[in-house]
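Enquirer: entry16.txt (compact mmCIF, C-alpha atoms) pasted underneath:
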# COMPACT_ATOMS: atom_id res chain seq x y z
CA MET Q 96 5.40 12.52 -0.65
CA SER Q 97 4.31 9.15 -2.02
CA LEU Q 98 1.04 7.62 -0.91
CA ARG Q 99 1.02 3.90 -0.14
CA PHE Q 100 -2.19 1.88 -0.26
CA VAL Q 101 -2.66 -1.70 0.88
CA ILE Q 102 -6.02 -3.11 -0.15
CA VAL Q 103 -7.27 -6.39 1.28
CA GLY Q 104 -9.50 -8.25 -1.15
CA ALA Q 105 -9.36 -8.30 -4.95
CA GLY Q 106 -13.07 -8.45 -5.64
CA PRO Q 107 -14.82 -5.77 -7.69
CA ALA Q 108 -14.47 -3.08 -5.00
CA GLY Q 109 -10.83 -3.89 -4.24
CA THR Q 110 -9.74 -3.98 -7.88
CA GLN Q 111 -11.56 -0.71 -8.61
CA ALA Q 112 -9.97 0.96 -5.59
CA ALA Q 113 -6.54 -0.36 -6.58
CA THR Q 114 -6.69 0.82 -10.19
CA THR Q 115 -8.07 4.23 -9.19
CA ALA Q 116 -5.40 4.77 -6.53
CA ALA Q 117 -2.65 3.62 -8.91
CA ARG Q 118 -3.87 5.96 -11.68
CA LEU Q 119 -3.72 8.81 -9.17
CA GLY Q 120 -0.07 7.99 -8.46
CA ALA Q 121 -0.24 5.87 -5.31
CA ASP Q 122 1.97 2.86 -4.66
CA VAL Q 123 -0.62 0.06 -4.38
CA THR Q 124 -0.44 -3.48 -3.04
CA LEU Q 125 -3.51 -5.70 -3.35
CA ILE Q 126 -3.78 -8.74 -1.07
CA GLU Q 127 -6.03 -11.63 -2.18
CA ARG Q 128 -6.31 -15.12 -0.72
CA ASP Q 129 -8.45 -16.66 -3.44
CA ILE Q 130 -9.20 -15.40 -6.94
CA VAL Q 131 -8.44 -11.97 -8.40
CA GLY Q 132 -11.64 -10.43 -9.74
CA GLY Q 133 -13.96 -11.72 -7.06
CA ALA Q 134 -14.78 -15.24 -5.97
CA ALA Q 135 -18.54 -14.62 -5.98
CA HIS Q 136 -18.42 -13.29 -9.52
CA LEU Q 137 -15.98 -15.80 -11.00
CA LEU Q 138 -16.91 -18.91 -9.02
CA ASP Q 139 -20.68 -18.42 -8.78
CA CYS Q 140 -22.03 -16.05 -11.42
CA VAL Q 141 -19.85 -17.04 -14.38
CA PRO Q 142 -20.35 -20.82 -13.97
CA SER Q 143 -24.11 -20.49 -13.48
CA LYS Q 144 -24.47 -18.20 -16.51
CA SER Q 145 -22.40 -20.65 -18.57
CA MET Q 146 -24.62 -23.55 -17.54
CA ILE Q 147 -27.75 -21.53 -18.34
CA ALA Q 148 -26.38 -20.69 -21.81
CA THR Q 149 -25.62 -24.38 -22.41
CA ALA Q 150 -29.14 -25.38 -21.34
CA GLU Q 151 -30.62 -22.77 -23.67
CA ALA Q 152 -28.52 -24.11 -26.55
CA LEU Q 153 -29.73 -27.65 -25.81
CA ASP Q 154 -33.30 -26.36 -25.82
CA ASP Q 155 -32.72 -24.64 -29.18
CA VAL Q 156 -31.53 -27.95 -30.65
CA ALA Q 157 -34.54 -29.76 -29.17
CA THR Q 158 -36.98 -27.31 -30.77
CA ALA Q 159 -35.18 -27.09 -34.13
CA ALA Q 160 -37.28 -29.88 -35.67
CA GLY Q 161 -40.37 -27.74 -35.19
CA MET Q 162 -38.70 -25.12 -37.37
CA GLY Q 163 -38.09 -27.53 -40.23
CA LEU Q 164 -34.50 -28.38 -39.32
CA GLN Q 165 -33.17 -31.91 -39.14
CA VAL Q 166 -30.70 -32.28 -36.30
CA ALA Q 167 -29.21 -35.16 -34.40
CA PRO Q 168 -30.24 -35.38 -30.77
CA ALA Q 169 -27.90 -33.26 -28.66
CA ARG Q 170 -26.26 -34.62 -25.54
CA LEU Q 171 -24.49 -32.83 -22.75
CA ASP Q 172 -20.76 -33.44 -22.30
CA LEU Q 173 -20.20 -32.49 -18.65
CA ASP Q 174 -16.41 -32.68 -18.93
CA ALA Q 175 -16.44 -30.27 -21.88
CA LEU Q 176 -18.81 -27.92 -20.03
CA ARG Q 177 -16.58 -27.99 -16.95
CA ALA Q 178 -13.51 -27.29 -19.11
CA ARG Q 179 -15.31 -24.39 -20.81
CA ILE Q 180 -16.24 -22.85 -17.45
CA GLU Q 181 -12.69 -23.26 -16.11
CA SER Q 182 -11.33 -21.64 -19.27
CA ILE Q 183 -13.67 -18.64 -18.97
CA VAL Q 184 -12.85 -18.16 -15.28
CA ALA Q 185 -9.09 -18.42 -15.93
CA ARG Q 186 -9.30 -15.92 -18.80
CA LEU Q 187 -11.32 -13.41 -16.76
CA GLU Q 188 -8.98 -13.71 -13.77
CA GLN Q 189 -5.96 -13.20 -16.02
CA GLN Q 190 -7.57 -10.13 -17.58
CA SER Q 191 -8.04 -8.68 -14.08
CA ARG Q 192 -4.41 -9.46 -13.21
CA ASP Q 193 -3.20 -7.92 -16.48
CA LEU Q 194 -5.21 -4.73 -15.91
CA LEU Q 195 -3.91 -4.38 -12.37
CA GLY Q 196 -0.34 -5.07 -13.50
CA SER Q 197 -0.60 -2.48 -16.28
CA GLN Q 198 -1.54 0.07 -13.60
CA GLY Q 199 1.48 -0.86 -11.48
CA VAL Q 200 -0.52 -2.64 -8.78
CA ASP Q 201 1.41 -5.35 -6.90
CA ILE Q 202 -0.67 -8.44 -6.12
CA VAL Q 203 0.17 -10.55 -3.08
CA ARG Q 204 -1.44 -13.95 -2.61
CA GLY Q 205 -2.47 -14.45 0.99
CA THR Q 206 -4.50 -12.87 3.73
CA GLY Q 207 -4.13 -9.49 5.34
CA ARG Q 208 -5.49 -7.99 8.50
CA LEU Q 209 -5.26 -4.59 10.12
CA VAL Q 210 -3.27 -4.54 13.36
CA ASP Q 211 -3.51 -0.77 13.80
CA PRO Q 212 -4.61 2.22 11.68
CA HIS Q 213 -1.36 2.14 9.67
CA THR Q 214 -0.29 -1.51 9.60
CA VAL Q 215 -1.49 -4.52 7.61
CA VAL Q 216 0.05 -7.95 8.20
Represent the structure contained in this file as structure tokens.

Expert:
Amino acid sequence: MSLRFVIVGAGPAGTQAATTAARLGADVTLIERDIVGGAAHLLDCVPSKSMIATAEALDDVATAAGMGLQVAPARLDLDALRARIESIVARLEQQSRDLLGSQGVDIVRGTGRLVDPHTVV
């Protein structure tokens, strides 16, 4: 008998449940309306950490003269920072998709809801 799992939400808990169930031999479908890997993680944590790292790098440049280094004044390129963040988020989401795919997990873009104990629509 084959087990079939439908998991709603591809955040950290959903992706972990999906890969574990797939490794144990279940047929797994993962439903996600937004971003695979977790919107909070990829759309909040990653961008804020990237901005913090950029600010720290700017601070390092600003204090370099006190360490005997001659540097040109640094300036922030917001378009480049935005592109860097988008690139990181896209790469991390793709890594999550690749991992799930390698485990045989089917990903469906959309929303799911339980209509009874055995049915998701």

Enquirer: Can you measure CA of His136 (chain Q) to CA of Leu195 (chain Q) for me? One decimal in Å is fine.

Expert: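 Between CA of His136 (chain Q) and CA of Leu195 (chain Q) the gap works out to 17.3 Å.
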
Enquirer: Restricting the calculation to all atoms listed in the file: of Q:Ala113, Q:Asp139, Q:Arg99, Q:Ile126, which residue gets closest to Glu181 (chain Q)?

Expert: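 Ranking Q:Ala113, Q:Asp139, Q:Arg99, Q:Ile126 by distance to Glu181 (chain Q), first place goes to Q:Asp139.
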
Enquirer: Taking into account all atoms listed in the file, which residue in the set Q:Ser145, Q:Gln111, Q:Ser97, Q:Thr214 is nearest to Ile180 (chain Q)?

Expert: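 Among the listed residues, Q:Ser145 lies closest to Ile180 (chain Q).
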
Enquirer: Kindly indicate which residue among Q:Arg179, Q:Pro107, Q:Ala121, Q:Arg128 lies nearest to Arg204 (chain Q), using only C-alpha atoms for the distances.

Expert: Q:Arg128

Enquirer: Compare Q:Ile147, Q:Leu171, Q:Val200, Q:Met162 by their minimum atom-to-atom distance to Leu119 (chain Q), counting all atoms listed in the file, and give me the closest one.

Expert: Q:Val200

Enquirer: Could you work out how far CA of Gln189 (chain Q) lies from CA of Leu209 (chain Q), giving the answer in Å with one decimal?

Expert: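 The value is 27.5 Å.
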
Enquirer: Kindly provide, as a list in words, the polymer residues lying within 12 Å of (-21.4, -20.5, -10.1), counting all atoms listed in the file and using the coordinates exactly as they appear in the file.

Expert: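 Within the cut-off we find Gly133, Ala134, Ala135, His136, Leu137, Leu138, Asp139, Cys140, Val141, Pro142, Ser143, Lys144, Ser145, Met146, Ile147, Arg177, Ile180, Glu181, Ile183 and Val184 of chain Q.
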
Enquirer: Using Å and a single decimal, report how far CA of Ala152 (chain Q) sits from CA of Gln165 (chain Q).

Expert: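 Atom-to-atom, CA of Gln165 (chain Q) and CA of Ala152 (chain Q) are spaced 15.5 Å apart.
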
Enquirer: Go through Q:Thr158, Q:Thr206, Q:Ser191, Q:Gln198 and flag the residue nearest Val123 (chain Q), using all atoms listed in the file for the distances.

Expert: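 Ranked by minimum distance to Val123 (chain Q), first place goes to Q:Gln198.
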
Enquirer: Can you tell me which residues surround Thr110 (chain Q) at a distance of at most 12 Å, considering only C-alpha atoms, apart from same-chain residues fewer than 2 positions away, and format the answer as a VMD selection string?

Expert: chain Q and resid 101 to 108 112 to 117 123 to 127 130 to 133 188 190 to 196 198 200 to 202

Enquirer: Quick one: of Q:Ala160, Q:Val216, Q:Ala150, Q:Val210, who's nearest to Leu176 (chain Q), counting only C-alpha atoms?

Expert: Q:Ala150
